[in-house]
$ cat structure38.pdb   # PDB, C-alpha atoms
MODEL        1
ATOM      1  CA  VAL T   1       0.000   0.000   0.000
ATOM      2  CA  ALA T   2       1.309   3.479  -0.858
ATOM      3  CA  LEU T   3       0.269   6.427   1.307
ATOM      4  CA  ILE T   4       0.479   9.821  -0.299
ATOM      5  CA  GLY T   5       1.076  12.126   2.644
ATOM      6  CA  THR T   6       1.971  11.331   6.247
ATOM      7  CA  GLY T   7      -0.051  14.154   7.746
ATOM      8  CA  GLY T   8      -3.388  13.864   9.499
ATOM      9  CA  LEU T   9      -4.971  11.270   7.204
ATOM     10  CA  GLY T  10      -1.849   9.279   6.508
ATOM     11  CA  ALA T  11      -0.805   9.253  10.158
ATOM     12  CA  SER T  12      -3.751   7.270  11.484
ATOM     13  CA  GLY T  13      -4.131   5.202   8.328
ATOM     14  CA  ALA T  14      -0.497   4.083   8.403
ATOM     15  CA  LEU T  15      -0.637   3.139  12.085
ATOM     16  CA  TYR T  16      -3.697   0.952  11.637
ATOM     17  CA  LEU T  17      -2.348  -0.720   8.496
ATOM     18  CA  ALA T  18       0.928  -1.494  10.261
ATOM     19  CA  ALA T  19      -0.910  -2.886  13.274
ATOM     20  CA  ALA T  20      -3.178  -4.962  11.021
ATOM     21  CA  GLY T  21      -0.193  -6.706   9.454
ATOM     22  CA  ILE T  22       0.118  -5.141   6.010
ATOM     23  CA  GLY T  23       3.480  -6.419   4.798
ATOM     24  CA  GLU T  24       4.797  -3.375   2.962
ATOM     25  CA  LEU T  25       4.037   0.327   3.059
ATOM     26  CA  THR T  26       5.431   3.144   0.940
ATOM     27  CA  LEU T  27       5.321   6.620   2.493
ATOM     28  CA  ILE T  28       5.513   9.584   0.122
ATOM     29  CA  ASP T  29       5.812  13.104   1.568
ATOM     30  CA  ASP T  30       8.347  15.916   1.102
ATOM     31  CA  ASP T  31       7.418  17.835   4.278
ATOM     32  CA  VAL T  32       9.070  17.990   7.707
ATOM     33  CA  VAL T  33       7.415  17.729  11.116
ATOM     34  CA  GLU T  34       6.310  20.998  12.719
ATOM     35  CA  ARG T  35       4.963  21.511  16.219
ATOM     36  CA  SER T  36       1.598  22.658  14.834
ATOM     37  CA  ASN T  37       1.202  19.224  13.195
ATOM     38  CA  LEU T  38       1.142  17.289  16.445
ATOM     39  CA  GLN T  39      -2.481  17.975  17.414
ATOM     40  CA  ARG T  40      -3.714  15.860  14.494
ATOM     41  CA  GLN T  41      -0.743  13.975  13.006
ATOM     42  CA  VAL T  42      -0.430  11.332  15.705
ATOM     43  CA  ILE T  43       2.367   9.377  14.058
ATOM     44  CA  HIS T  44       4.846  12.178  14.808
ATOM     45  CA  ARG T  45       6.286  13.303  18.149
ATOM     46  CA  GLU T  46       7.847  16.327  19.795
ATOM     47  CA  ALA T  47      11.230  14.659  19.417
ATOM     48  CA  THR T  48      10.913  14.509  15.609
ATOM     49  CA  ILE T  49      10.121  18.183  15.000
ATOM     50  CA  GLY T  50      12.271  19.279  12.063
ATOM     51  CA  VAL T  51      12.709  15.698  10.853
ATOM     52  CA  SER T  52      11.401  14.450   7.503
ATOM     53  CA  LYS T  53       7.832  13.255   7.987
ATOM     54  CA  VAL T  54       8.473   9.988   6.177
ATOM     55  CA  GLU T  55      11.447   9.176   8.425
ATOM     56  CA  SER T  56       9.513  10.183  11.546
ATOM     57  CA  ALA T  57       6.602   7.979  10.473
ATOM     58  CA  LYS T  58       8.872   5.069   9.573
ATOM     59  CA  ALA T  59      10.414   5.086  13.057
ATOM     60  CA  MET T  60       6.976   4.907  14.693
ATOM     61  CA  LEU T  61       5.680   2.213  12.328
ATOM     62  CA  THR T  62       8.667  -0.087  12.663
ATOM     63  CA  ALA T  63       8.531   0.291  16.449
ATOM     64  CA  LEU T  64       4.905  -0.833  16.290
ATOM     65  CA  ASN T  65       5.546  -3.696  13.840
ATOM     66  CA  PRO T  66       9.229  -4.631  13.353
ATOM     67  CA  ARG T  67       8.304  -7.081  10.563
ATOM     68  CA  LEU T  68       6.783  -4.308   8.448
ATOM     69  CA  ARG T  69       8.765  -3.237   5.399
ATOM     70  CA  VAL T  70       8.591   0.564   5.058
ATOM     71  CA  ASN T  71       9.801   2.381   1.930
ATOM     72  CA  VAL T  72      10.187   6.138   2.176
ATOM     73  CA  GLN T  73      10.158   8.751  -0.570
ATOM     74  CA  ALA T  74      10.833  12.275   0.719
ATOM     75  CA  VAL T  75       9.715  13.879  -2.531
ATOM     76  CA  ARG T  76       6.828  15.974  -3.794
ATOM     77  CA  VAL T  77       4.422  14.208  -6.140
ATOM     78  CA  VAL T  78       4.583  15.874  -9.564
ATOM     79  CA  ALA T  79       3.634  14.867 -13.095
ATOM     80  CA  ALA T  80       7.191  13.729 -13.848
ATOM     81  CA  ASN T  81       7.386  11.204 -10.991
ATOM     82  CA  VAL T  82       3.852  10.209  -9.978
ATOM     83  CA  GLU T  83       3.634   7.002 -12.014
ATOM     84  CA  GLU T  84       7.100   5.852 -10.986
ATOM     85  CA  LEU T  85       6.245   6.435  -7.311
ATOM     86  CA  ILE T  86       3.010   4.443  -7.276
ATOM     87  CA  ARG T  87       3.648   1.745  -9.892
ATOM     88  CA  GLY T  88       3.586  -1.795  -8.495
ATOM     89  CA  HIS T  89       1.387  -1.072  -5.486
ATOM     90  CA  ASP T  90      -1.916  -2.809  -4.828
ATOM     91  CA  VAL T  91      -3.718   0.201  -3.345
ATOM     92  CA  ILE T  92      -3.062   3.939  -3.126
ATOM     93  CA  ILE T  93      -4.296   5.949  -0.133
ATOM     94  CA  ASP T  94      -4.810   9.610  -0.927
ATOM     95  CA  GLY T  95      -3.757  11.624   2.096
ATOM     96  CA  ALA T  96      -2.854  14.717   0.088
ATOM     97  CA  ASP T  97      -3.904  18.176   1.217
ATOM     98  CA  ASN T  98      -4.181  19.887  -2.169
ATOM     99  CA  PHE T  99      -6.132  19.504  -5.392
ATOM    100  CA  PRO T 100      -3.201  19.435  -7.872
ATOM    101  CA  THR T 101      -1.756  16.317  -6.193
ATOM    102  CA  ARG T 102      -5.139  14.619  -6.122
ATOM    103  CA  TYR T 103      -5.729  15.250  -9.810
ATOM    104  CA  LEU T 104      -2.306  13.806 -10.585
ATOM    105  CA  LEU T 105      -3.038  10.731  -8.472
ATOM    106  CA  ASP T 106      -6.406  10.306 -10.155
ATOM    107  CA  ALA T 107      -4.861  10.372 -13.629
ATOM    108  CA  ALA T 108      -1.967   8.102 -12.686
ATOM    109  CA  THR T 109      -4.057   5.482 -10.876
ATOM    110  CA  ARG T 110      -6.423   5.303 -13.838
ATOM    111  CA  ARG T 111      -3.536   4.856 -16.277
ATOM    112  CA  LEU T 112      -1.949   2.152 -14.099
ATOM    113  CA  GLY T 113      -5.189   0.451 -13.036
ATOM    114  CA  ILE T 114      -4.651   0.858  -9.292
ATOM    115  CA  PRO T 115      -7.555   1.545  -6.891
ATOM    116  CA  MET T 116      -7.316   4.780  -4.901
ATOM    117  CA  VAL T 117      -8.884   5.349  -1.489
ATOM    118  CA  TYR T 118      -9.860   9.007  -1.300
ATOM    119  CA  GLY T 119     -10.257  10.943   1.929
ATOM    120  CA  ALA T 120     -10.594  14.611   2.787
ATOM    121  CA  VAL T 121     -11.291  16.731   5.866
ATOM    122  CA  HIS T 122     -12.402  20.325   6.376
ATOM    123  CA  ARG T 123     -12.993  21.904   9.778
ATOM    124  CA  PHE T 124     -15.627  19.532  11.271
ATOM    125  CA  THR T 125     -16.499  17.356   8.259
ATOM    126  CA  GLY T 126     -14.844  14.614   6.249
ATOM    127  CA  GLN T 127     -15.519  12.286   3.340
ATOM    128  CA  VAL T 128     -14.253   8.956   1.997
ATOM    129  CA  SER T 129     -14.686   7.069  -1.267
ATOM    130  CA  VAL T 130     -12.924   4.507  -3.443
ATOM    131  CA  PHE T 131     -12.073   5.019  -7.106
ATOM    132  CA  ASP T 132     -11.254   1.685  -8.739
ATOM    133  CA  PRO T 133     -10.321   1.824 -12.444
ATOM    134  CA  ARG T 134     -10.468  -1.977 -12.590
ATOM    135  CA  GLN T 135     -14.259  -1.678 -12.477
ATOM    136  CA  ASP T 136     -15.948  -0.328 -15.595
ATOM    137  CA  ASP T 137     -18.694   1.424 -13.641
ATOM    138  CA  SER T 138     -16.423   3.036 -11.051
ATOM    139  CA  PRO T 139     -16.345   6.830 -10.975
ATOM    140  CA  CYS T 140     -13.046   8.667 -10.740
ATOM    141  CA  TYR T 141     -12.015  11.653  -8.651
ATOM    142  CA  ARG T 142     -12.974  14.040 -11.454
ATOM    143  CA  CYS T 143     -16.511  12.652 -11.492
ATOM    144  CA  LEU T 144     -16.695  14.172  -8.005
ATOM    145  CA  PHE T 145     -14.636  17.313  -8.708
ATOM    146  CA  PRO T 146     -14.526  17.862 -12.498
ATOM    147  CA  HIS T 147     -12.443  21.018 -12.157
ATOM    148  CA  PRO T 148     -10.246  22.308  -9.340
ATOM    149  CA  PRO T 149     -11.805  24.994  -7.151
ATOM    150  CA  SER T 150      -9.906  28.140  -6.307
ATOM    151  CA  ALA T 151      -7.665  28.298  -3.232
ATOM    152  CA  ALA T 152     -10.235  30.577  -1.584
ATOM    153  CA  GLU T 153     -13.011  28.036  -2.143
ATOM    154  CA  ALA T 154     -11.004  25.087  -0.791
ATOM    155  CA  PRO T 155      -8.343  26.130   1.748
ATOM    156  CA  ASN T 156      -6.163  23.403   3.245
ATOM    157  CA  CYS T 157      -6.117  22.368   6.906
ATOM    158  CA  SER T 158      -3.386  24.795   7.901
ATOM    159  CA  GLU T 159      -5.429  27.677   6.508
ATOM    160  CA  ALA T 160      -8.998  26.701   7.415
ATOM    161  CA  GLY T 161      -8.299  24.617  10.505
ATOM    162  CA  VAL T 162      -9.610  21.162  11.344
ATOM    163  CA  LEU T 163     -10.833  19.441  14.498
ATOM    164  CA  GLY T 164      -7.729  17.523  15.579
ATOM    165  CA  VAL T 165      -9.422  14.122  15.955
ATOM    166  CA  LEU T 166     -11.270  14.295  12.622
ATOM    167  CA  PRO T 167      -8.340  13.221  10.383
ATOM    168  CA  GLY T 168      -7.976  10.187  12.642
ATOM    169  CA  THR T 169     -11.577   9.172  11.990
ATOM    170  CA  ILE T 170     -11.296   9.613   8.230
ATOM    171  CA  GLY T 171      -7.813   8.063   8.038
ATOM    172  CA  MET T 172      -9.052   5.006   9.919
ATOM    173  CA  LEU T 173     -11.921   4.639   7.429
ATOM    174  CA  GLN T 174      -9.422   4.876   4.568
ATOM    175  CA  ALA T 175      -7.317   2.131   6.167
ATOM    176  CA  THR T 176     -10.453  -0.006   6.460
ATOM    177  CA  GLU T 177     -11.213   0.419   2.753
ATOM    178  CA  ALA T 178      -7.596  -0.370   1.846
ATOM    179  CA  LEU T 179      -7.697  -3.599   3.857
ATOM    180  CA  LYS T 180     -10.955  -4.612   2.162
ATOM    181  CA  LEU T 181      -9.380  -4.052  -1.253
ATOM    182  CA  VAL T 182      -6.206  -5.957  -0.390
ATOM    183  CA  LEU T 183      -8.127  -8.887   1.106
ATOM    184  CA  GLY T 184     -10.898  -8.886  -1.503
ATOM    185  CA  ILE T 185     -13.650  -8.797   1.110
ATOM    186  CA  GLY T 186     -16.732  -6.713   1.804
ATOM    187  CA  ASP T 187     -18.245  -3.948  -0.276
ATOM    188  CA  PRO T 188     -15.745  -1.139  -0.921
ATOM    189  CA  LEU T 189     -17.005   2.439  -1.244
ATOM    190  CA  VAL T 190     -16.996   2.358  -5.047
ATOM    191  CA  GLY T 191     -19.755   4.571  -6.425
ATOM    192  CA  ARG T 192     -20.508   5.867  -2.927
ATOM    193  CA  LEU T 193     -19.339   8.912  -1.000
ATOM    194  CA  LEU T 194     -19.366   8.521   2.780
ATOM    195  CA  CYS T 195     -19.679  11.869   4.544
ATOM    196  CA  TYR T 196     -19.096  12.450   8.253
ATOM    197  CA  ASP T 197     -20.264  15.437  10.291
ATOM    198  CA  ALA T 198     -18.331  15.379  13.567
ATOM    199  CA  LEU T 199     -20.435  18.082  15.243
ATOM    200  CA  ALA T 200     -23.659  16.170  14.609
ATOM    201  CA  ALA T 201     -21.990  12.738  15.078
ATOM    202  CA  ARG T 202     -23.724  11.651  11.884
ATOM    203  CA  PHE T 203     -22.681   9.682   8.799
ATOM    204  CA  ARG T 204     -24.434  10.156   5.471
ATOM    205  CA  GLU T 205     -23.902   8.152   2.292
ATOM    206  CA  LEU T 206     -24.368   9.705  -1.154
ATOM    207  CA  ALA T 207     -24.509   7.880  -4.467
ATOM    208  CA  LEU T 208     -21.547   8.778  -6.662
ATOM    209  CA  PRO T 209     -22.179   7.346 -10.143
ATOM    210  CA  ARG T 210     -19.726   7.575 -12.984
ATOM    211  CA  ASP T 211     -20.237  10.761 -14.991
ATOM    212  CA  PRO T 212     -20.566   9.897 -18.702
ATOM    213  CA  ASP T 213     -19.209  13.358 -19.552
ATOM    214  CA  CYS T 214     -16.420  13.304 -16.965
ATOM    215  CA  PRO T 215     -13.290  15.156 -18.135
ATOM    216  CA  GLY T 216     -11.210  12.452 -16.455
ATOM    217  CA  CYS T 217     -12.785   9.124 -17.440
ATOM    218  CA  GLY T 218     -15.366  10.121 -20.079
ATOM    219  CA  PRO T 219     -15.010   9.965 -23.872
ATOM    220  CA  MET T 220     -13.336  13.397 -23.969
ATOM    221  CA  ALA T 221     -11.043  12.616 -21.037
ATOM    222  CA  SER T 222      -7.833  14.500 -20.457
ATOM    223  CA  ASN T 223      -5.237  13.624 -17.848
ATOM    224  CA  LEU T 224      -5.043  16.797 -15.799
ATOM    225  CA  GLY T 225      -1.449  17.499 -14.947
ATOM    226  CA  TYR T 226      -0.103  15.385 -17.849
ATOM    227  CA  GLU T 227      -0.808  17.818 -20.668
TER     228      GLU T 227
ENDMDL
END
$ encode --input "structure38.pdb" --output "structure tokens"
Amino acid sequence: VALIGTGGLGASGALYLAAAGIGELTLIDDDVVERSNLQRQVIHREATIGVSKVESAKAMLTALNPRLRVNVQAVRVVAANVEELIRGHDVIIDGADNFPTRYLLDAATRRLGIPMVYGAVHRFTGQVSVFDPRQDDSPCYRCLFPHPPSAAEAPNCSEAGVLGVLPGTIGMLQATEALKLVLGIGDPLVGRLLCYDALAARFRELALPRDPDCPGCGPMASNLGYE
């Protein structure tokens, strides 16, 4: 399993996958640990402030499960390296905090035929879905967000803030979906968007069908970020 980002979503997801016995994880993140991260990125510690996030996460994961093989890539995901970084994995977990990276992951996973577990958080709400290009009727990320919103419309966690425990909830759900995909069990969230409102303590599921006119997987598809 490859985790894109070892921040709030990736932190909890990686811990649960390691504890569950996933044999190999790849961590991809070019950031370093900051003190402001610690209220939601539970894989990091005060002692690793200033350290590469992937190395900080690797230390925690191997302490939890010494038999786990952890590959680290302290790089930013860009069009030139995205396919090389994720090729050969069974599942991709999207823990990115920006739209350009997510569009790149969407295009690359479709080209390589790898399922992607999507997750996102904003203030007190979060959402999870699975985009699986191996299934003909599966939507892709651009069926949900055909075009990137402006930075003002979709600020990241550091700008808009997020309830510290919320990424843990969503990251744990992403880990659950990844395990289901790896094991071939259950009913993954393909064609469904699971939304969580932390303030109301309420989950809501929305149908997410494939868009026949989707700019990502429709007949006029373009691979955003590859042009």
$ closest_residue --input "structure38.pdb" --among "T:Pro188, T:Met172, T:Gly23, T:Asp197" --to "Pro66 in chain T" --atoms "all atoms listed in the file"
T:Gly23
$ atom_distance --input "structure38.pdb" --atom1 "CA of Lys58 in chain T" --atom2 "CA of Ala11 in chain T"
10.6 Å
$ resolve_selection --input "structure38.pdb" --expression "the PyMOL selection byres ((chain T and resi 54) around 7)" --output "ChimeraX atom specification"
/T:6,27-29,52-53,55-58,72,74
$ resolve_selection --input "structure38.pdb" --expression "the PyMOL selection byres ((chain T and resi 38) around 12)" --output "PDB file with C-alpha atoms, in the frame of the given file"
ATOM      1  CA  THR T   6       1.971  11.331   6.247  1.00  0.00           C
ATOM      2  CA  GLY T   7      -0.051  14.154   7.746  1.00  0.00           C
ATOM      3  CA  GLY T   8      -3.388  13.864   9.499  1.00  0.00           C
ATOM      4  CA  ALA T  11      -0.805   9.253  10.158  1.00  0.00           C
ATOM      5  CA  VAL T  32       9.070  17.990   7.707  1.00  0.00           C
ATOM      6  CA  VAL T  33       7.415  17.729  11.116  1.00  0.00           C
ATOM      7  CA  GLU T  34       6.310  20.998  12.719  1.00  0.00           C
ATOM      8  CA  ARG T  35       4.963  21.511  16.219  1.00  0.00           C
ATOM      9  CA  SER T  36       1.598  22.658  14.834  1.00  0.00           C
ATOM     10  CA  ASN T  37       1.202  19.224  13.195  1.00  0.00           C
ATOM     11  CA  GLN T  39      -2.481  17.975  17.414  1.00  0.00           C
ATOM     12  CA  ARG T  40      -3.714  15.860  14.494  1.00  0.00           C
ATOM     13  CA  GLN T  41      -0.743  13.975  13.006  1.00  0.00           C
ATOM     14  CA  VAL T  42      -0.430  11.332  15.705  1.00  0.00           C
ATOM     15  CA  ILE T  43       2.367   9.377  14.058  1.00  0.00           C
ATOM     16  CA  HIS T  44       4.846  12.178  14.808  1.00  0.00           C
ATOM     17  CA  ARG T  45       6.286  13.303  18.149  1.00  0.00           C
ATOM     18  CA  GLU T  46       7.847  16.327  19.795  1.00  0.00           C
ATOM     19  CA  ALA T  47      11.230  14.659  19.417  1.00  0.00           C
ATOM     20  CA  THR T  48      10.913  14.509  15.609  1.00  0.00           C
ATOM     21  CA  ILE T  49      10.121  18.183  15.000  1.00  0.00           C
ATOM     22  CA  LYS T  53       7.832  13.255   7.987  1.00  0.00           C
ATOM     23  CA  GLY T 164      -7.729  17.523  15.579  1.00  0.00           C
ATOM     24  CA  VAL T 165      -9.422  14.122  15.955  1.00  0.00           C
ATOM     25  CA  PRO T 167      -8.340  13.221  10.383  1.00  0.00           C
TER      26      PRO T 167
END
$ resolve_selection --input "structure38.pdb" --expression "the PyMOL selection byres ((chain T and resi 131-143) around 9)" --output "number ranges by chain"
T: 102-103, 106-107, 109-118, 129-130, 144-148, 189-191, 208-217
$ decode --input "structure38.pdb" --residues "range 66-78 of chain T" --atoms "all heavy atoms" --output "compact mmCIF listing (two decimals), in the first residue's frame"
# COMPACT_ATOMS: atom_id res chain seq x y z
N PRO T 66 7.87 -4.48 13.88
CA PRO T 66 9.23 -4.63 13.35
C PRO T 66 9.30 -5.45 12.07
O PRO T 66 10.29 -5.36 11.33
CB PRO T 66 9.98 -5.34 14.49
CG PRO T 66 9.17 -5.10 15.72
CD PRO T 66 7.75 -5.03 15.25
N ARG T 67 8.30 -6.26 11.78
CA ARG T 67 8.30 -7.08 10.56
C ARG T 67 7.80 -6.32 9.34
O ARG T 67 7.86 -6.84 8.22
CB ARG T 67 7.46 -8.34 10.78
CG ARG T 67 8.06 -9.28 11.82
CD ARG T 67 7.12 -10.42 12.19
NE ARG T 67 5.92 -9.91 12.86
CZ ARG T 67 5.89 -9.56 14.15
NH1 ARG T 67 6.98 -9.66 14.89
NH2 ARG T 67 4.78 -9.12 14.70
N LEU T 68 7.30 -5.12 9.55
CA LEU T 68 6.78 -4.31 8.45
C LEU T 68 7.93 -3.75 7.61
O LEU T 68 8.91 -3.23 8.14
CB LEU T 68 5.96 -3.15 9.02
CG LEU T 68 5.45 -2.10 8.03
CD1 LEU T 68 4.40 -2.71 7.11
CD2 LEU T 68 4.86 -0.91 8.80
N ARG T 69 7.81 -3.86 6.31
CA ARG T 69 8.76 -3.24 5.40
C ARG T 69 8.23 -1.85 5.03
O ARG T 69 7.12 -1.73 4.50
CB ARG T 69 8.96 -4.08 4.15
CG ARG T 69 9.94 -3.48 3.15
CD ARG T 69 10.15 -4.39 1.95
NE ARG T 69 11.00 -3.76 0.95
CZ ARG T 69 11.31 -4.29 -0.22
NH1 ARG T 69 10.82 -5.49 -0.54
NH2 ARG T 69 12.08 -3.67 -1.07
N VAL T 70 9.02 -0.81 5.32
CA VAL T 70 8.59 0.56 5.06
C VAL T 70 9.56 1.21 4.07
O VAL T 70 10.76 1.32 4.33
CB VAL T 70 8.55 1.40 6.35
CG1 VAL T 70 8.07 2.82 6.04
CG2 VAL T 70 7.65 0.75 7.38
N ASN T 71 9.03 1.63 2.92
CA ASN T 71 9.80 2.38 1.93
C ASN T 71 9.46 3.85 2.08
O ASN T 71 8.29 4.20 2.25
CB ASN T 71 9.45 1.91 0.51
CG ASN T 71 9.53 0.41 0.36
OD1 ASN T 71 10.54 -0.20 0.67
ND2 ASN T 71 8.44 -0.21 -0.11
N VAL T 72 10.45 4.71 2.01
CA VAL T 72 10.19 6.14 2.18
C VAL T 72 10.65 6.90 0.93
O VAL T 72 11.69 6.58 0.34
CB VAL T 72 10.87 6.70 3.44
CG1 VAL T 72 10.30 6.06 4.69
CG2 VAL T 72 12.38 6.52 3.41
N GLN T 73 9.84 7.86 0.55
CA GLN T 73 10.16 8.75 -0.57
C GLN T 73 9.91 10.18 -0.10
O GLN T 73 8.76 10.62 -0.04
CB GLN T 73 9.29 8.42 -1.78
CG GLN T 73 9.51 7.05 -2.37
CD GLN T 73 10.78 6.96 -3.19
OE1 GLN T 73 11.42 7.99 -3.48
NE2 GLN T 73 11.18 5.77 -3.58
N ALA T 74 10.97 10.89 0.25
CA ALA T 74 10.83 12.27 0.72
C ALA T 74 10.84 13.22 -0.48
O ALA T 74 11.75 14.04 -0.66
CB ALA T 74 11.96 12.61 1.68
N VAL T 75 9.82 13.08 -1.30
CA VAL T 75 9.71 13.88 -2.53
C VAL T 75 8.29 14.40 -2.68
O VAL T 75 7.34 13.84 -2.12
CB VAL T 75 10.09 13.06 -3.78
CG1 VAL T 75 11.54 12.60 -3.71
CG2 VAL T 75 9.17 11.85 -3.94
N ARG T 76 8.15 15.45 -3.45
CA ARG T 76 6.83 15.97 -3.79
C ARG T 76 6.31 15.23 -5.02
O ARG T 76 7.06 14.98 -5.97
CB ARG T 76 6.91 17.48 -4.07
CG ARG T 76 5.57 18.10 -4.47
CD ARG T 76 5.69 19.61 -4.63
NE ARG T 76 5.93 20.22 -3.33
CZ ARG T 76 4.98 20.57 -2.47
NH1 ARG T 76 3.71 20.36 -2.76
NH2 ARG T 76 5.31 21.13 -1.33
N VAL T 77 5.04 14.87 -4.99
CA VAL T 77 4.42 14.21 -6.14
C VAL T 77 4.16 15.23 -7.24
O VAL T 77 3.46 16.22 -7.04
CB VAL T 77 3.10 13.53 -5.74
CG1 VAL T 77 2.39 12.95 -6.96
CG2 VAL T 77 3.36 12.44 -4.70
N VAL T 78 4.76 15.00 -8.40
CA VAL T 78 4.58 15.87 -9.56
C VAL T 78 4.33 15.00 -10.79
O VAL T 78 4.46 13.76 -10.72
CB VAL T 78 5.83 16.78 -9.79
CG1 VAL T 78 6.03 17.74 -8.62
CG2 VAL T 78 7.07 15.93 -10.00
